[in-house]
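Some notes on the structure that comes next.
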Amino acid sequence: MKKEEKLILYIPFGIIIITLLAYIIKGHITFYDINFDKLDAFGGFIGGLVGTSLTIVATLYIYRTFHAQKEELASQKEELKIQKELIAQQQFETTFFNLFNIHLELKKNINYNTENSISKTNFESIVNGIQFFEFVHDDFRNVWKYEHNMSPSPIIKIHDIKEQMDNSDFSGLFFSDNITNEKLIQDIKFKYQILFQYYKNYLGPYFRNLYHLLKYINNNCPNNLSKKQYADVLQSQMSFSESVLLFYNSFEFDKMREQIKSFDFLENMHTSNLFELRHNNLSDLGKIKSD
């Protein structure tokens, strides 16, 4: 029982004792001569005082019980909220890490014969996983150098690939450093299309899966969790070759660009890894290291 409640009980009993003593002292109540009229008035006073005091105490107990139930209900509501958040987190993380493991397995299971390259600069060997993306990155760099007359080595297959593509919108883009930003973006897109056309059976599934992973984080991550934290887990497993290829992939696929920008997904890539530094000025992909 709280101190305030005890005080409310003590006060009426104190008043009763004081009143009783006053009646005795004044001679209104004696043990040998009882005045029933005065005793009746005293009893009425005591009854009214006790009844009122008990009513007050009962009201206080009802309020205290209501307040305690209200606090308990609020506590249960908070516990239910926490449990709901934990369940949502577990469901999200289970799906995320399943997709994440599928992505890693997809990359790990890539096996490719390097003899089949655009630039034909490699001898026959088998690469897999990260090695494949390093190989494709180097092949893409050779494509870039060839298109800008920076490489004397012949690229046998590039002309065959061009013939399979509708490149009517790309005429006159190459061999010039004084083109507009719009034309430069078209230049990047076309060169990437050359690469993607050749390696689409490998790059296609890889980048589609990566896109859906980022999209899943954006659309399904519970509000009490950090989306960036899960995107960083995904980004931490990417090599610099994958990051560079993703950078140029974003010029061709706008939806991928949106996902990359929302997470600053390429913030750990350095502009020195790009084929030309000016490409970073066209990317609008968020943070990228430049010093």
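Just remember, in the structure tokens the first chain shown is A, the second B, etc., residues are 1-based per chain, and ligands are 1-based in the order shown.
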DSSP-assigned alpha helix (DSSP H) among range 67-145 of chain A, expressed as a PyMOL selection string: chain A and resi 67-108+130-145
Residue neighbourhood Asn109 in chain A, 7 Å, only C-alpha atoms, exclusion window fewer than 4 positions, as a ChimeraX atom specification: /A:105,128-129
Selection export as a PDB file, in the first residue's frame, atoms kept: all heavy atoms:
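Done, and the output landed in again07.pdb:
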```
ATOM      1  N   GLU A 105      26.384 -18.300 -55.315  1.00  0.00           N
ATOM      2  CA  GLU A 105      26.512 -19.576 -56.027  1.00  0.00           C
ATOM      3  C   GLU A 105      26.487 -19.350 -57.537  1.00  0.00           C
ATOM      4  O   GLU A 105      27.216 -20.024 -58.280  1.00  0.00           O
ATOM      5  CB  GLU A 105      25.369 -20.514 -55.628  1.00  0.00           C
ATOM      6  CG  GLU A 105      25.528 -21.133 -54.242  1.00  0.00           C
ATOM      7  CD  GLU A 105      26.754 -22.022 -54.159  1.00  0.00           C
ATOM      8  OE1 GLU A 105      26.972 -22.814 -55.091  1.00  0.00           O
ATOM      9  OE2 GLU A 105      27.495 -21.933 -53.158  1.00  0.00           O
ATOM     10  N   ASN A 128      36.646 -19.019 -63.571  1.00  0.00           N
ATOM     11  CA  ASN A 128      35.356 -19.093 -62.894  1.00  0.00           C
ATOM     12  C   ASN A 128      35.278 -18.037 -61.803  1.00  0.00           C
ATOM     13  O   ASN A 128      36.284 -17.478 -61.383  1.00  0.00           O
ATOM     14  CB  ASN A 128      35.112 -20.482 -62.301  1.00  0.00           C
ATOM     15  CG  ASN A 128      36.288 -20.969 -61.475  1.00  0.00           C
ATOM     16  OD1 ASN A 128      36.719 -20.295 -60.551  1.00  0.00           O
ATOM     17  ND2 ASN A 128      36.835 -22.139 -61.828  1.00  0.00           N
ATOM     18  N   GLY A 129      34.050 -17.784 -61.346  1.00  0.00           N
ATOM     19  CA  GLY A 129      33.839 -16.841 -60.259  1.00  0.00           C
ATOM     20  C   GLY A 129      34.400 -15.463 -60.542  1.00  0.00           C
ATOM     21  O   GLY A 129      34.192 -14.887 -61.611  1.00  0.00           O
TER      22      GLY A 129
END
```
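For the set A:Asn281, A:Gln131, A:Asn220, A:Asn201, the residue with the smallest atom-to-atom gap to Glu242 in chain A is A:Gln131, counting only C-alpha atoms.
CA of Arg257 in chain A to CA of Leu214 in chain A spans 10.9 Å [interatomic distance, one decimal].
Shortest separation to Asn224 in chain A among A:Ser239, A:Gln259, A:Gln89, A:Gln186 occurs at residue A:Gln89, atoms counted being only C-alpha atoms.
All residues of protein, DNA or RNA that reach within 12 Å of Gln229 in chain A, judged by only C-alpha atoms and not counting those fewer than 3 positions away in the chain, are Glu93, Leu214, Ile217, Asn218, Cys221, Asn224, Leu225, Ser226, Asp232, Val233, Leu234, Gln235, Ser236, Phe263, Asp264 and Phe265 of chain A.
Nearest-residue note for Ser290 in chain A: choosing from A:Leu195, A:Thr271, A:Ser119, A:Glu276, the minimum distance belongs to A:Thr271, counting only C-alpha atoms.
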Closest of A:Asn249, A:Lys255, A:Asn113, A:Leu266 to Gly204 in chain A - atom-to-atom distances counting only C-alpha atoms: A:Asn249
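Reported to one decimal place, the separation of CA of Leu60 in chain A from CA of Ser75 in chain A is 22.3 Å.
Comparing the minimum interatomic distances between Leu203 in chain A and each of A:Leu86, A:Leu104, A:Phe132, A:Leu73, counting only C-alpha atoms, we find that A:Phe132 sits nearest.
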Å distance separating CA of Arg278 in chain A from CA of Gln193 in chain A, one decimal place: 19.6 Å
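If you measure from each of A:Leu80, A:Thr59, A:Phe135, A:Phe97 to Tyr230 in chain A using only C-alpha atoms, the closest one turns out to be A:Phe97.
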